[in-house]
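A.B. asks: Dropping in target39.cif, with mmCIF, N, CA and C atoms and all ligand atoms.
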data_model
loop_
_atom_site.group_PDB
_atom_site.id
_atom_site.type_symbol
_atom_site.label_atom_id
_atom_site.label_comp_id
_atom_site.auth_asym_id
_atom_site.auth_seq_id
_atom_site.Cartn_x
_atom_site.Cartn_y
_atom_site.Cartn_z
ATOM 1 N N MET A 218 -5.548 -25.347 -1.855
ATOM 2 C CA MET A 218 -4.115 -25.525 -2.087
ATOM 3 C C MET A 218 -3.431 -25.772 -0.737
ATOM 4 N N ALA A 219 -2.901 -26.957 -0.572
ATOM 5 C CA ALA A 219 -2.334 -27.317 0.725
ATOM 6 C C ALA A 219 -0.850 -26.968 0.798
ATOM 7 N N TYR A 220 -0.524 -26.292 1.853
ATOM 8 C CA TYR A 220 0.890 -25.985 2.099
ATOM 9 C C TYR A 220 1.439 -26.959 3.129
ATOM 10 N N VAL A 221 2.659 -27.414 2.906
ATOM 11 C CA VAL A 221 3.307 -28.280 3.887
ATOM 12 C C VAL A 221 4.583 -27.589 4.384
ATOM 13 N N ARG A 222 4.925 -27.885 5.629
ATOM 14 C CA ARG A 222 6.129 -27.272 6.194
ATOM 15 C C ARG A 222 7.363 -27.921 5.565
ATOM 16 N N ALA A 223 8.238 -27.089 5.015
ATOM 17 C CA ALA A 223 9.430 -27.609 4.350
ATOM 18 C C ALA A 223 10.648 -27.573 5.266
ATOM 19 N N CYS A 224 10.766 -26.490 6.041
ATOM 20 C CA CYS A 224 11.872 -26.372 6.993
ATOM 21 C C CYS A 224 11.653 -25.105 7.805
ATOM 22 N N GLY A 225 12.578 -24.830 8.691
ATOM 23 C CA GLY A 225 12.525 -23.592 9.455
ATOM 24 C C GLY A 225 13.251 -22.489 8.696
ATOM 25 N N LEU A 226 12.730 -21.279 8.775
ATOM 26 C CA LEU A 226 13.376 -20.153 8.088
ATOM 27 C C LEU A 226 14.816 -19.977 8.568
ATOM 28 N N SER A 227 15.027 -20.217 9.857
ATOM 29 C CA SER A 227 16.370 -20.027 10.410
ATOM 30 C C SER A 227 17.350 -21.098 9.930
ATOM 31 N N GLU A 228 16.840 -22.146 9.280
ATOM 32 C CA GLU A 228 17.735 -23.187 8.735
ATOM 33 C C GLU A 228 18.313 -22.771 7.388
ATOM 34 N N LEU A 229 17.746 -21.738 6.776
ATOM 35 C CA LEU A 229 18.212 -21.328 5.447
ATOM 36 C C LEU A 229 19.300 -20.276 5.559
ATOM 37 N N GLU A 230 20.303 -20.433 4.709
ATOM 38 C CA GLU A 230 21.354 -19.416 4.624
ATOM 39 C C GLU A 230 21.232 -18.727 3.286
ATOM 40 N N GLU A 231 21.464 -17.440 3.288
ATOM 41 C CA GLU A 231 21.350 -16.643 2.067
ATOM 42 C C GLU A 231 22.168 -17.277 0.926
ATOM 43 N N ASP A 232 21.515 -17.434 -0.214
ATOM 44 C CA ASP A 232 22.161 -17.929 -1.445
ATOM 45 C C ASP A 232 22.727 -19.346 -1.323
ATOM 46 N N THR A 233 22.282 -20.095 -0.319
ATOM 47 C CA THR A 233 22.747 -21.476 -0.166
ATOM 48 C C THR A 233 21.540 -22.406 -0.266
ATOM 49 N N PRO A 234 21.385 -23.111 -1.386
ATOM 50 C CA PRO A 234 20.208 -23.962 -1.563
ATOM 51 C C PRO A 234 20.150 -25.078 -0.528
ATOM 52 N N LYS A 235 18.930 -25.389 -0.129
ATOM 53 C CA LYS A 235 18.720 -26.492 0.816
ATOM 54 C C LYS A 235 17.759 -27.484 0.168
ATOM 55 N N ARG A 236 18.173 -28.732 0.048
ATOM 56 C CA ARG A 236 17.319 -29.754 -0.558
ATOM 57 C C ARG A 236 16.446 -30.398 0.512
ATOM 58 N N VAL A 237 15.161 -30.488 0.202
ATOM 59 C CA VAL A 237 14.232 -31.194 1.092
ATOM 60 C C VAL A 237 13.392 -32.127 0.223
ATOM 61 N N GLU A 238 12.763 -33.121 0.856
ATOM 62 C CA GLU A 238 11.825 -33.992 0.147
ATOM 63 C C GLU A 238 10.448 -33.725 0.704
ATOM 64 N N LEU A 239 9.501 -33.380 -0.160
ATOM 65 C CA LEU A 239 8.133 -33.122 0.270
ATOM 66 C C LEU A 239 7.223 -34.098 -0.454
ATOM 67 N N ASP A 240 6.595 -34.980 0.280
ATOM 68 C CA ASP A 240 5.752 -36.012 -0.340
ATOM 69 C C ASP A 240 6.502 -36.739 -1.455
ATOM 70 N N GLY A 241 7.776 -37.021 -1.234
ATOM 71 C CA GLY A 241 8.567 -37.756 -2.215
ATOM 72 C C GLY A 241 9.093 -36.901 -3.355
ATOM 73 N N THR A 242 8.788 -35.605 -3.337
ATOM 74 C CA THR A 242 9.268 -34.708 -4.392
ATOM 75 C C THR A 242 10.499 -33.946 -3.903
ATOM 76 N N PRO A 243 11.616 -34.040 -4.617
ATOM 77 C CA PRO A 243 12.788 -33.270 -4.206
ATOM 78 C C PRO A 243 12.618 -31.803 -4.558
ATOM 79 N N VAL A 244 12.819 -30.952 -3.571
ATOM 80 C CA VAL A 244 12.626 -29.513 -3.752
ATOM 81 C C VAL A 244 13.858 -28.790 -3.212
ATOM 82 N N SER A 245 14.282 -27.801 -3.944
ATOM 83 C CA SER A 245 15.387 -26.969 -3.482
ATOM 84 C C SER A 245 14.828 -25.646 -2.983
ATOM 85 N N LEU A 246 15.144 -25.310 -1.739
ATOM 86 C CA LEU A 246 14.705 -24.042 -1.157
ATOM 87 C C LEU A 246 15.864 -23.063 -1.211
ATOM 88 N N VAL A 247 15.566 -21.852 -1.652
ATOM 89 C CA VAL A 247 16.629 -20.860 -1.771
ATOM 90 C C VAL A 247 16.161 -19.535 -1.183
ATOM 91 N N GLN A 248 16.943 -19.022 -0.253
ATOM 92 C CA GLN A 248 16.684 -17.684 0.276
ATOM 93 C C GLN A 248 17.644 -16.724 -0.406
ATOM 94 N N THR A 249 17.077 -15.780 -1.125
ATOM 95 C CA THR A 249 17.927 -14.825 -1.828
ATOM 96 C C THR A 249 17.142 -13.549 -2.077
ATOM 97 N N GLU A 250 17.809 -12.435 -2.079
ATOM 98 C CA GLU A 250 17.205 -11.135 -2.362
ATOM 99 C C GLU A 250 15.948 -10.887 -1.525
ATOM 100 N N GLY A 251 15.996 -11.320 -0.253
ATOM 101 C CA GLY A 251 14.913 -11.036 0.675
ATOM 102 C C GLY A 251 13.687 -11.909 0.520
ATOM 103 N N GLU A 252 13.781 -12.959 -0.299
ATOM 104 C CA GLU A 252 12.639 -13.854 -0.497
ATOM 105 C C GLU A 252 13.096 -15.298 -0.413
ATOM 106 N N VAL A 253 12.113 -16.188 -0.236
ATOM 107 C CA VAL A 253 12.415 -17.619 -0.259
ATOM 108 C C VAL A 253 11.699 -18.224 -1.466
ATOM 109 N N PHE A 254 12.431 -19.011 -2.229
ATOM 110 C CA PHE A 254 11.888 -19.641 -3.424
ATOM 111 C C PHE A 254 11.972 -21.161 -3.278
ATOM 112 N N ALA A 255 11.029 -21.842 -3.942
ATOM 113 C CA ALA A 255 11.042 -23.309 -3.971
ATOM 114 C C ALA A 255 11.017 -23.735 -5.434
ATOM 115 N N ILE A 256 11.998 -24.529 -5.812
ATOM 116 C CA ILE A 256 12.104 -24.998 -7.193
ATOM 117 C C ILE A 256 12.364 -26.503 -7.164
ATOM 118 N N HIS A 257 11.790 -27.205 -8.134
ATOM 119 C CA HIS A 257 12.039 -28.647 -8.225
ATOM 120 C C HIS A 257 13.548 -28.873 -8.281
ATOM 121 N N ASP A 258 14.015 -29.889 -7.546
ATOM 122 C CA ASP A 258 15.466 -29.988 -7.369
ATOM 123 C C ASP A 258 16.186 -30.692 -8.522
ATOM 124 N N ILE A 259 15.451 -31.184 -9.504
ATOM 125 C CA ILE A 259 16.125 -31.917 -10.581
ATOM 126 C C ILE A 259 16.135 -31.086 -11.868
ATOM 127 N N CYS A 260 17.311 -30.948 -12.436
ATOM 128 C CA CYS A 260 17.484 -30.211 -13.685
ATOM 129 C C CYS A 260 16.597 -30.817 -14.772
ATOM 130 N N SER A 261 16.091 -29.969 -15.679
ATOM 131 C CA SER A 261 15.230 -30.483 -16.752
ATOM 132 C C SER A 261 16.051 -31.090 -17.885
ATOM 133 N N HIS A 262 17.356 -30.982 -17.819
ATOM 134 C CA HIS A 262 18.222 -31.506 -18.882
ATOM 135 C C HIS A 262 18.685 -32.925 -18.568
ATOM 136 N N ALA A 263 19.024 -33.196 -17.329
ATOM 137 C CA ALA A 263 19.439 -34.537 -16.910
ATOM 138 C C ALA A 263 19.220 -34.631 -15.402
ATOM 139 N N ASN A 264 19.461 -35.810 -14.875
ATOM 140 C CA ASN A 264 19.141 -36.067 -13.472
ATOM 141 C C ASN A 264 20.219 -35.509 -12.538
ATOM 142 N N VAL A 265 20.231 -34.192 -12.397
ATOM 143 C CA VAL A 265 21.236 -33.529 -11.574
ATOM 144 C C VAL A 265 20.519 -32.671 -10.531
ATOM 145 N N SER A 266 21.027 -32.701 -9.310
ATOM 146 C CA SER A 266 20.425 -31.955 -8.216
ATOM 147 C C SER A 266 20.804 -30.474 -8.314
ATOM 148 N N LEU A 267 19.812 -29.623 -8.515
ATOM 149 C CA LEU A 267 20.098 -28.189 -8.653
ATOM 150 C C LEU A 267 20.610 -27.583 -7.353
ATOM 151 N N SER A 268 20.258 -28.190 -6.215
ATOM 152 C CA SER A 268 20.687 -27.621 -4.942
ATOM 153 C C SER A 268 22.201 -27.707 -4.753
ATOM 154 N N GLU A 269 22.873 -28.447 -5.626
ATOM 155 C CA GLU A 269 24.339 -28.502 -5.548
ATOM 156 C C GLU A 269 24.989 -27.387 -6.367
ATOM 157 N N GLY A 270 24.144 -26.570 -6.998
ATOM 158 C CA GLY A 270 24.676 -25.487 -7.821
ATOM 159 C C GLY A 270 24.711 -24.161 -7.087
ATOM 160 N N GLU A 271 25.160 -23.134 -7.780
ATOM 161 C CA GLU A 271 25.307 -21.821 -7.169
ATOM 162 C C GLU A 271 24.129 -20.918 -7.495
ATOM 163 N N VAL A 272 23.890 -19.967 -6.591
ATOM 164 C CA VAL A 272 22.787 -19.023 -6.755
ATOM 165 C C VAL A 272 23.363 -17.642 -7.043
ATOM 166 N N GLU A 273 22.825 -17.011 -8.078
ATOM 167 C CA GLU A 273 23.252 -15.656 -8.402
ATOM 168 C C GLU A 273 22.150 -14.971 -9.202
ATOM 169 N N ASP A 274 21.887 -13.700 -8.897
ATOM 170 C CA ASP A 274 20.893 -12.915 -9.651
ATOM 171 C C ASP A 274 19.539 -13.623 -9.733
ATOM 172 N N CYS A 275 19.111 -14.194 -8.615
ATOM 173 C CA CYS A 275 17.816 -14.880 -8.543
ATOM 174 C C CYS A 275 17.726 -16.061 -9.508
ATOM 175 N N GLN A 276 18.877 -16.672 -9.780
ATOM 176 C CA GLN A 276 18.909 -17.870 -10.612
ATOM 177 C C GLN A 276 19.742 -18.927 -9.907
ATOM 178 N N ILE A 277 19.408 -20.188 -10.218
ATOM 179 C CA ILE A 277 20.207 -21.288 -9.683
ATOM 180 C C ILE A 277 20.849 -21.992 -10.874
ATOM 181 N N GLU A 278 22.143 -22.249 -10.744
ATOM 182 C CA GLU A 278 22.888 -22.806 -11.865
ATOM 183 C C GLU A 278 23.062 -24.309 -11.711
ATOM 184 N N CYS A 279 22.802 -25.031 -12.776
ATOM 185 C CA CYS A 279 23.091 -26.464 -12.780
ATOM 186 C C CYS A 279 24.596 -26.629 -12.975
ATOM 187 N N TRP A 280 25.251 -27.306 -12.041
ATOM 188 C CA TRP A 280 26.716 -27.368 -12.075
ATOM 189 C C TRP A 280 27.240 -28.242 -13.220
ATOM 190 N N LEU A 281 26.370 -29.118 -13.765
ATOM 191 C CA LEU A 281 26.914 -30.064 -14.739
ATOM 192 C C LEU A 281 27.196 -29.416 -16.093
ATOM 193 N N HIS A 282 26.194 -28.740 -16.653
ATOM 194 C CA HIS A 282 26.399 -28.134 -17.983
ATOM 195 C C HIS A 282 26.182 -26.634 -17.991
ATOM 196 N N GLY A 283 25.822 -26.067 -16.842
ATOM 197 C CA GLY A 283 25.821 -24.602 -16.744
ATOM 198 C C GLY A 283 24.537 -23.882 -17.086
ATOM 199 N N SER A 284 23.431 -24.577 -17.369
ATOM 200 C CA SER A 284 22.173 -23.831 -17.537
ATOM 201 C C SER A 284 21.763 -23.250 -16.192
ATOM 202 N N SER A 285 21.210 -22.039 -16.210
ATOM 203 C CA SER A 285 20.682 -21.441 -14.983
ATOM 204 C C SER A 285 19.170 -21.345 -15.094
ATOM 205 N N PHE A 286 18.496 -21.511 -13.980
ATOM 206 C CA PHE A 286 17.036 -21.469 -13.966
ATOM 207 C C PHE A 286 16.581 -20.316 -13.080
ATOM 208 N N ASP A 287 15.621 -19.541 -13.605
ATOM 209 C CA ASP A 287 15.078 -18.412 -12.863
ATOM 210 C C ASP A 287 14.268 -18.950 -11.678
ATOM 211 N N LEU A 288 14.586 -18.492 -10.485
ATOM 212 C CA LEU A 288 13.906 -19.007 -9.286
ATOM 213 C C LEU A 288 12.449 -18.572 -9.234
ATOM 214 N N ARG A 289 12.089 -17.508 -9.955
ATOM 215 C CA ARG A 289 10.698 -17.039 -9.950
ATOM 216 C C ARG A 289 9.833 -17.790 -10.947
ATOM 217 N N THR A 290 10.420 -18.195 -12.071
ATOM 218 C CA THR A 290 9.615 -18.807 -13.143
ATOM 219 C C THR A 290 10.036 -20.231 -13.483
ATOM 220 N N GLY A 291 11.246 -20.621 -13.117
ATOM 221 C CA GLY A 291 11.764 -21.937 -13.474
ATOM 222 C C GLY A 291 12.324 -22.018 -14.873
ATOM 223 N N LYS A 292 12.290 -20.902 -15.601
ATOM 224 C CA LYS A 292 12.740 -20.947 -16.996
ATOM 225 C C LYS A 292 14.264 -20.954 -17.093
ATOM 226 N N PRO A 293 14.785 -21.755 -18.023
ATOM 227 C CA PRO A 293 16.243 -21.754 -18.197
ATOM 228 C C PRO A 293 16.693 -20.508 -18.947
ATOM 229 N N SER A 294 17.872 -20.028 -18.569
ATOM 230 C CA SER A 294 18.381 -18.820 -19.216
ATOM 231 C C SER A 294 19.110 -19.155 -20.504
ATOM 232 N N GLY A 295 19.522 -20.409 -20.629
ATOM 233 C CA GLY A 295 20.277 -20.761 -21.832
ATOM 234 C C GLY A 295 20.500 -22.246 -21.919
ATOM 235 N N LEU A 296 21.045 -22.668 -23.057
ATOM 236 C CA LEU A 296 21.278 -24.085 -23.325
ATOM 237 C C LEU A 296 22.307 -24.636 -22.350
ATOM 238 N N PRO A 297 22.350 -25.951 -22.163
ATOM 239 C CA PRO A 297 21.634 -26.953 -22.961
ATOM 240 C C PRO A 297 20.194 -27.225 -22.513
ATOM 241 N N ALA A 298 19.788 -26.775 -21.331
ATOM 242 C CA ALA A 298 18.407 -27.029 -20.912
ATOM 243 C C ALA A 298 17.458 -26.167 -21.741
ATOM 244 N N THR A 299 16.347 -26.728 -22.151
ATOM 245 C CA THR A 299 15.364 -25.965 -22.928
ATOM 246 C C THR A 299 14.014 -25.915 -22.232
ATOM 247 N N ARG A 300 13.788 -26.831 -21.309
ATOM 248 C CA ARG A 300 12.486 -26.879 -20.628
ATOM 249 C C ARG A 300 12.600 -26.266 -19.230
ATOM 250 N N PRO A 301 11.525 -25.633 -18.752
ATOM 251 C CA PRO A 301 11.555 -25.078 -17.405
ATOM 252 C C PRO A 301 11.498 -26.178 -16.341
ATOM 253 N N VAL A 302 11.889 -25.803 -15.146
ATOM 254 C CA VAL A 302 11.774 -26.658 -13.974
ATOM 255 C C VAL A 302 10.592 -26.118 -13.167
ATOM 256 N N PRO A 303 9.734 -26.983 -12.609
ATOM 257 C CA PRO A 303 8.609 -26.463 -11.824
ATOM 258 C C PRO A 303 9.067 -25.623 -10.635
ATOM 259 N N VAL A 304 8.353 -24.535 -10.388
ATOM 260 C CA VAL A 304 8.558 -23.753 -9.166
ATOM 261 C C VAL A 304 7.251 -23.765 -8.384
ATOM 262 N N TYR A 305 7.356 -23.592 -7.088
ATOM 263 C CA TYR A 305 6.199 -23.760 -6.217
ATOM 264 C C TYR A 305 6.009 -22.531 -5.328
ATOM 265 N N PRO A 306 4.748 -22.206 -5.017
ATOM 266 C CA PRO A 306 4.482 -21.078 -4.117
ATOM 267 C C PRO A 306 5.024 -21.343 -2.705
ATOM 268 N N VAL A 307 5.522 -20.281 -2.082
ATOM 269 C CA VAL A 307 6.096 -20.361 -0.730
ATOM 270 C C VAL A 307 5.377 -19.365 0.162
ATOM 271 N N LYS A 308 5.105 -19.785 1.400
ATOM 272 C CA LYS A 308 4.569 -18.868 2.427
ATOM 273 C C LYS A 308 5.467 -18.970 3.639
ATOM 274 N N ILE A 309 5.664 -17.850 4.306
ATOM 275 C CA ILE A 309 6.427 -17.856 5.556
ATOM 276 C C ILE A 309 5.454 -17.566 6.691
ATOM 277 N N GLU A 310 5.447 -18.443 7.681
ATOM 278 C CA GLU A 310 4.615 -18.207 8.864
ATOM 279 C C GLU A 310 5.491 -18.372 10.094
ATOM 280 N N GLY A 311 5.823 -17.245 10.713
ATOM 281 C CA GLY A 311 6.753 -17.308 11.834
ATOM 282 C C GLY A 311 8.092 -17.820 11.333
ATOM 283 N N ASP A 312 8.569 -18.946 11.911
ATOM 284 C CA ASP A 312 9.836 -19.528 11.457
ATOM 285 C C ASP A 312 9.588 -20.683 10.479
ATOM 286 N N ASP A 313 8.338 -20.894 10.082
ATOM 287 C CA ASP A 313 8.043 -22.022 9.196
ATOM 288 C C ASP A 313 8.047 -21.590 7.729
ATOM 289 N N VAL A 314 8.771 -22.353 6.921
ATOM 290 C CA VAL A 314 8.725 -22.172 5.468
ATOM 291 C C VAL A 314 7.759 -23.211 4.921
ATOM 292 N N LEU A 315 6.661 -22.732 4.327
ATOM 293 C CA LEU A 315 5.611 -23.615 3.828
ATOM 294 C C LEU A 315 5.609 -23.591 2.305
ATOM 295 N N VAL A 316 5.454 -24.765 1.712
ATOM 296 C CA VAL A 316 5.485 -24.886 0.251
ATOM 297 C C VAL A 316 4.230 -25.630 -0.202
ATOM 298 N N SER A 317 3.643 -25.163 -1.295
ATOM 299 C CA SER A 317 2.510 -25.850 -1.886
ATOM 300 C C SER A 317 2.948 -26.563 -3.149
ATOM 301 N N LEU A 318 2.911 -27.890 -3.114
ATOM 302 C CA LEU A 318 3.316 -28.659 -4.288
ATOM 303 C C LEU A 318 2.184 -28.782 -5.291
ATOM 304 N N ASN A 319 0.965 -28.498 -4.862
ATOM 305 C CA ASN A 319 -0.189 -28.734 -5.723
ATOM 306 C C ASN A 319 -0.250 -27.780 -6.898
ATOM 307 N N GLN A 320 0.290 -26.606 -6.660
ATOM 308 C CA GLN A 320 0.160 -25.592 -7.690
ATOM 309 C C GLN A 320 1.536 -25.150 -8.145
ATOM 310 N N GLU A 321 1.892 -25.552 -9.362
ATOM 311 C CA GLU A 321 3.143 -25.064 -9.915
ATOM 312 C C GLU A 321 2.860 -23.698 -10.513
ATOM 313 N N SER A 322 3.780 -22.782 -10.333
ATOM 314 C CA SER A 322 3.543 -21.462 -10.915
ATOM 315 C C SER A 322 4.533 -21.199 -12.035
HETATM 316 S S1 LIG A 401 22.206 -31.579 -16.432
HETATM 317 FE FE1 LIG A 401 21.639 -29.546 -15.960
HETATM 318 S S2 LIG A 401 22.272 -28.437 -17.723
HETATM 319 FE FE2 LIG A 401 22.779 -30.489 -18.209
#
Using the file provided, produce a representation of the structure as structure tokens.
C.D. replies:
Amino acid sequence: MAYVRACGLSELEEDTPKRVELDGTPVSLVQTEGEVFAIHDICSHANVSLSEGEVEDCQIECWLHGSSFDLRTGKPSGLPATRPVPVYPVKIEGDDVLVSLNQES
């Protein structure tokens, strides 16, 4: 399982999503509740960037229709989205935030 460097840990602000592109895949990185999460940046309901939404209670909210996705599982908390968004394993090494796109969890 290959990890790639997504950004520096010091570039992340608590509860403020950061969008990065990894091998052409848009990923939203979120530091919250003492952990860093990586979630696919596109809502499963329509083509909306989740990194433009708000983070609360370990969930990221899609600003367009209000579905929230659990940062640990990618599952939506409610309609209109019904399908999960992929989430990816994250490792922190020093100031490097590493993400593995190969394995969705
Ligand atoms: S586009 Fe995200 S909930 Fe509709």
A.B. asks: For ligand LIG 401 (chain A), collect every residue having any atom at a distance of at most 8 Å from a ligand atom (counting only N, CA and C atoms and all ligand atoms); output as a list in words.
C.D. replies: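 Here is the list of contacting residues: Ile259, Cys260, Ser261, His262, Ala263, Asn264, Val265, Ser266, Leu267, Glu278, Cys279, Trp280, Leu281, His282, Gly283, Ser284, Ser285, Gly295, Leu296, Pro297, Ala298 and Thr299 of chain A.
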A.B. asks: If you measure from atom N of Ala223 of chain A to atom CA of Glu250 of chain A, what distance in Å do you get, rounded to one decimal?
C.D. replies: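 It comes out at 19.7 Å.
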A.B. asks: Tell me, as number ranges by chain, which residues lie within 7 Å of Val272 of chain A, counting only N, CA and C atoms; anything in the same chain fewer than 6 positions away does not count.
C.D. replies: A: 232-234, 278
A.B. asks: Give me, please, the distance in Å between atom C of Leu318 of chain A and atom C of Pro243 of chain A, quoted to one decimal.
C.D. replies: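 The value is 10.9 Å.
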A.B. asks: DSSP on the backbone: what in chain A comes out strand (DSSP E or B), as a PyMOL selection string?
C.D. replies: chain A and resi 221-225+230-231+233+235-239+242-249+252-257+259+266+272-273+276-278+285-287+293+304-305+307-310+313-316
A.B. asks: Would you translate the PyMOL selection byres (((chain A and resi 256) around 5) and not hetatm) into the concrete set of residues it matches in this file, as a list in words?
C.D. replies: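 For this structure, the PyMOL selection byres (((chain A and resi 256) around 5) and not hetatm) captures Val244, Ser245, Phe254, Ala255, His257, Asp258, Pro303, Val304 and Tyr305 of chain A.
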A.B. asks: With the file shown as input, list the residues that the PyMOL selection byres (((chain A and resi 317 and name CA) around 6) and not hetatm and name CA) selects, as a PyMOL selection string.
C.D. replies: chain A and resi 219-220+306+316+318-319
A.B. asks: Pick out the closest residue to Glu238 of chain A from this set: A:Ile277, A:Val221, A:Leu226, A:Leu288. Count only C-alpha atoms.
C.D. replies: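 So, comparing all the options, the nearest one is A:Val221.
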A.B. asks: Could you work out how far atom C of Glu230 of chain A lies from atom C of Pro301 of chain A, giving the answer in Å with one decimal?
C.D. replies: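 Separating atom C of Pro301 of chain A from atom C of Glu230 of chain A is a distance of 23.1 Å.
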